[in-house]
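Trainee: Just passing along the structure, written as structure tokens.
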Amino acid sequence: MKNTKPDYWFAAKPPGHGWGWGPPLTWQGWAVFVGFIVLLIAGSVLVLPYGTGIFLAYVAVLGALLILICAKKGEPPGS
């Protein structure tokens with residue numbers, strides 16, 4: 001019998017703890033999270049020397065990508 005429950009990469013935060021996602025649930029979620037951290041560190045070394053504004057834009061893009069991935073592959077918040 002096939003499992004009909006979707007495989008979420010990220011759990012929704014519990015009620016009363018805000019909106020969004022908590023820690024990763026699967027190896028794919030952990031890979032995304034670790035990749036995000038590695039790219040932040042790499043950006044601080046490679047992008048920050050070009051200016052704070054460029055680095056902040058870099059961080060904003062990375063953050064938006066992480067939120068997009070959580071929205072697509074995570075448990076619906078508030079459920």
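Each chain in the structure tokens gets a letter, A, B, ..., in the order shown, and its residues are numbered from 1; ligands are numbered from 1 in order too.
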Could you pull out the alpha helix (DSSP H) residues of region 5-75 of chain A, going by DSSP on the backbone, and write them as an NGL selection string?
Mentor: :A and (27-46 or 52-73)
Trainee: If we count only C-alpha atoms and set the cut-off at 6 Å, which residues sit around region 72-74 of chain A, ignoring sequence neighbours fewer than 4 positions away in its own chain? Please answer as a PyMOL selection string.
Mentor: chain A and resi 8-10
Trainee: What would the file look like if the residues just selected were written as an mmCIF file, in the first residue's frame with C-alpha atoms?
Mentor:
```
data_model
loop_
_atom_site.group_PDB
_atom_site.id
_atom_site.type_symbol
_atom_site.label_atom_id
_atom_site.label_comp_id
_atom_site.auth_asym_id
_atom_site.auth_seq_id
_atom_site.Cartn_x
_atom_site.Cartn_y
_atom_site.Cartn_z
ATOM 1 C CA TYR A 8 7.464 17.381 3.655
ATOM 2 C CA TRP A 9 11.068 18.560 3.827
ATOM 3 C CA PHE A 10 10.278 21.109 6.579
#
```
Trainee: From chain A, collect each residue whose DSSP state is strand (DSSP E) and return the set as a ChimeraX atom specification.
Mentor: /A:10-12,21-24
Trainee: Can you work out which one of A:Ala42, A:Val47, A:Val32, A:Ile37 has the shortest atom-to-atom distance to Leu68 (chain A), counting only C-alpha atoms?
Mentor: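 Result for the nearest residue to Leu68 (chain A): A:Val32.
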Trainee: May I have the residues within 12 Å of Phe36 (chain A) as a list in words, using only C-alpha atoms and disregarding those fewer than 5 positions away in the same chain?
Mentor: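 Skipping anything fewer than 5 positions along the chain leaves Gly29, Trp30, Ala31, Ile41, Ala42, Gly43, Tyr58, Val59, Ala60, Val61, Leu62, Gly63, Ala64, Leu65, Leu66, Ile67 and Ile69 of chain A.
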Trainee: What does the file look like for those residues with all heavy atoms, as a tab-separated table (two decimals), in the first residue's frame?
Mentor:
```
chain	number	residue	atom	x	y	z
A	29	GLY	N	15.76	18.37	3.09
A	29	GLY	CA	15.63	19.61	3.84
A	29	GLY	C	16.94	20.01	4.49
A	29	GLY	O	17.32	21.19	4.48
A	30	TRP	N	17.63	19.02	5.05
A	30	TRP	CA	18.94	19.31	5.65
A	30	TRP	C	19.94	19.77	4.60
A	30	TRP	O	20.76	20.66	4.85
A	30	TRP	CB	19.46	18.11	6.43
A	30	TRP	CG	18.83	18.02	7.79
A	30	TRP	CD1	17.88	17.12	8.19
A	30	TRP	CD2	19.06	18.88	8.90
A	30	TRP	NE1	17.51	17.37	9.48
A	30	TRP	CE2	18.22	18.45	9.95
A	30	TRP	CE3	19.87	19.98	9.12
A	30	TRP	CZ2	18.18	19.07	11.18
A	30	TRP	CZ3	19.84	20.60	10.36
A	30	TRP	CH2	19.00	20.14	11.37
A	31	ALA	N	19.88	19.18	3.41
A	31	ALA	CA	20.79	19.59	2.33
A	31	ALA	C	20.53	21.04	1.93
A	31	ALA	O	21.47	21.81	1.72
A	31	ALA	CB	20.65	18.66	1.13
A	41	ILE	N	28.12	31.83	4.24
A	41	ILE	CA	29.54	31.96	4.63
A	41	ILE	C	30.39	32.31	3.42
A	41	ILE	O	31.25	33.19	3.49
A	41	ILE	CB	30.02	30.66	5.31
A	41	ILE	CG1	29.30	30.48	6.65
A	41	ILE	CG2	31.53	30.67	5.50
A	41	ILE	CD1	29.47	29.11	7.28
A	42	ALA	N	30.15	31.63	2.29
A	42	ALA	CA	30.91	31.94	1.07
A	42	ALA	C	30.67	33.37	0.63
A	42	ALA	O	31.61	34.07	0.21
A	42	ALA	CB	30.51	30.97	-0.04
A	43	GLY	N	29.45	33.84	0.76
A	43	GLY	CA	29.14	35.22	0.39
A	43	GLY	C	29.84	36.23	1.28
A	43	GLY	O	30.26	37.29	0.82
A	58	TYR	N	22.61	40.05	-1.81
A	58	TYR	CA	22.92	38.63	-1.91
A	58	TYR	C	22.17	37.83	-0.83
A	58	TYR	O	21.55	36.81	-1.11
A	58	TYR	CB	24.44	38.45	-1.79
A	58	TYR	CG	24.93	37.04	-1.73
A	58	TYR	CD1	25.04	36.27	-2.88
A	58	TYR	CD2	25.33	36.47	-0.52
A	58	TYR	CE1	25.52	34.96	-2.83
A	58	TYR	CE2	25.81	35.17	-0.47
A	58	TYR	CZ	25.90	34.42	-1.63
A	58	TYR	OH	26.37	33.14	-1.58
A	59	VAL	N	22.22	38.33	0.39
A	59	VAL	CA	21.53	37.65	1.51
A	59	VAL	C	20.02	37.66	1.28
A	59	VAL	O	19.34	36.66	1.56
A	59	VAL	CB	21.91	38.31	2.85
A	59	VAL	CG1	21.04	37.79	3.98
A	59	VAL	CG2	23.38	38.08	3.16
A	60	ALA	N	19.48	38.77	0.77
A	60	ALA	CA	18.05	38.84	0.50
A	60	ALA	C	17.62	37.81	-0.55
A	60	ALA	O	16.58	37.16	-0.41
A	60	ALA	CB	17.67	40.25	0.05
A	61	VAL	N	18.44	37.66	-1.59
A	61	VAL	CA	18.13	36.66	-2.63
A	61	VAL	C	18.19	35.26	-2.05
A	61	VAL	O	17.30	34.43	-2.29
A	61	VAL	CB	19.08	36.82	-3.84
A	61	VAL	CG1	18.95	35.64	-4.79
A	61	VAL	CG2	18.79	38.13	-4.56
A	62	LEU	N	19.23	34.97	-1.27
A	62	LEU	CA	19.33	33.64	-0.63
A	62	LEU	C	18.13	33.38	0.29
A	62	LEU	O	17.57	32.28	0.30
A	62	LEU	CB	20.62	33.51	0.16
A	62	LEU	CG	21.91	33.31	-0.61
A	62	LEU	CD1	23.08	33.18	0.36
A	62	LEU	CD2	21.83	32.10	-1.50
A	63	GLY	N	17.76	34.39	1.08
A	63	GLY	CA	16.62	34.23	1.98
A	63	GLY	C	15.32	33.99	1.22
A	63	GLY	O	14.51	33.14	1.61
A	64	ALA	N	15.14	34.73	0.12
A	64	ALA	CA	13.94	34.54	-0.69
A	64	ALA	C	13.90	33.13	-1.30
A	64	ALA	O	12.84	32.49	-1.33
A	64	ALA	CB	13.87	35.59	-1.79
A	65	LEU	N	15.06	32.64	-1.74
A	65	LEU	CA	15.11	31.28	-2.28
A	65	LEU	C	14.80	30.23	-1.21
A	65	LEU	O	14.07	29.27	-1.48
A	65	LEU	CB	16.49	31.00	-2.88
A	65	LEU	CG	16.77	31.68	-4.22
A	65	LEU	CD1	18.23	31.47	-4.62
A	65	LEU	CD2	15.86	31.15	-5.30
A	66	LEU	N	15.31	30.44	-0.01
A	66	LEU	CA	15.02	29.50	1.08
A	66	LEU	C	13.52	29.51	1.41
A	66	LEU	O	12.91	28.44	1.58
A	66	LEU	CB	15.83	29.85	2.33
A	66	LEU	CG	15.63	28.94	3.53
A	66	LEU	CD1	16.04	27.50	3.21
A	66	LEU	CD2	16.40	29.45	4.73
A	67	ILE	N	12.92	30.68	1.47
A	67	ILE	CA	11.48	30.77	1.75
A	67	ILE	C	10.67	30.11	0.64
A	67	ILE	O	9.70	29.39	0.90
A	67	ILE	CB	11.06	32.24	1.96
A	67	ILE	CG1	11.65	32.75	3.27
A	67	ILE	CG2	9.54	32.39	1.95
A	67	ILE	CD1	11.52	34.24	3.47
A	69	ILE	N	11.63	27.65	-1.34
A	69	ILE	CA	11.78	26.19	-1.21
A	69	ILE	C	10.94	25.67	-0.05
A	69	ILE	O	10.26	24.64	-0.18
A	69	ILE	CB	13.26	25.81	-1.06
A	69	ILE	CG1	14.02	26.10	-2.36
A	69	ILE	CG2	13.42	24.33	-0.66
A	69	ILE	CD1	15.52	26.00	-2.24
```
Trainee: CA of Phe33 (chain A) and CA of Gly20 (chain A), how far apart in Å?
Mentor: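 Result for CA of Gly20 (chain A) versus CA of Phe33 (chain A): 14.6 Å, one decimal.
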Trainee: Could you jot down the CA of Leu39 (chain A) to CA of Gly22 (chain A) separation for me, Å, one decimal place?
Mentor: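 Between CA of Leu39 (chain A) and CA of Gly22 (chain A) the gap is 19.8 Å.
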Trainee: Using only C-alpha atoms, which of A:Pro76, A:Ser44, A:Trp19, A:Gly35 sits nearest Asp7 (chain A)?
Mentor: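 Residue with the minimum atom-to-atom distance to Asp7 (chain A): A:Pro76.
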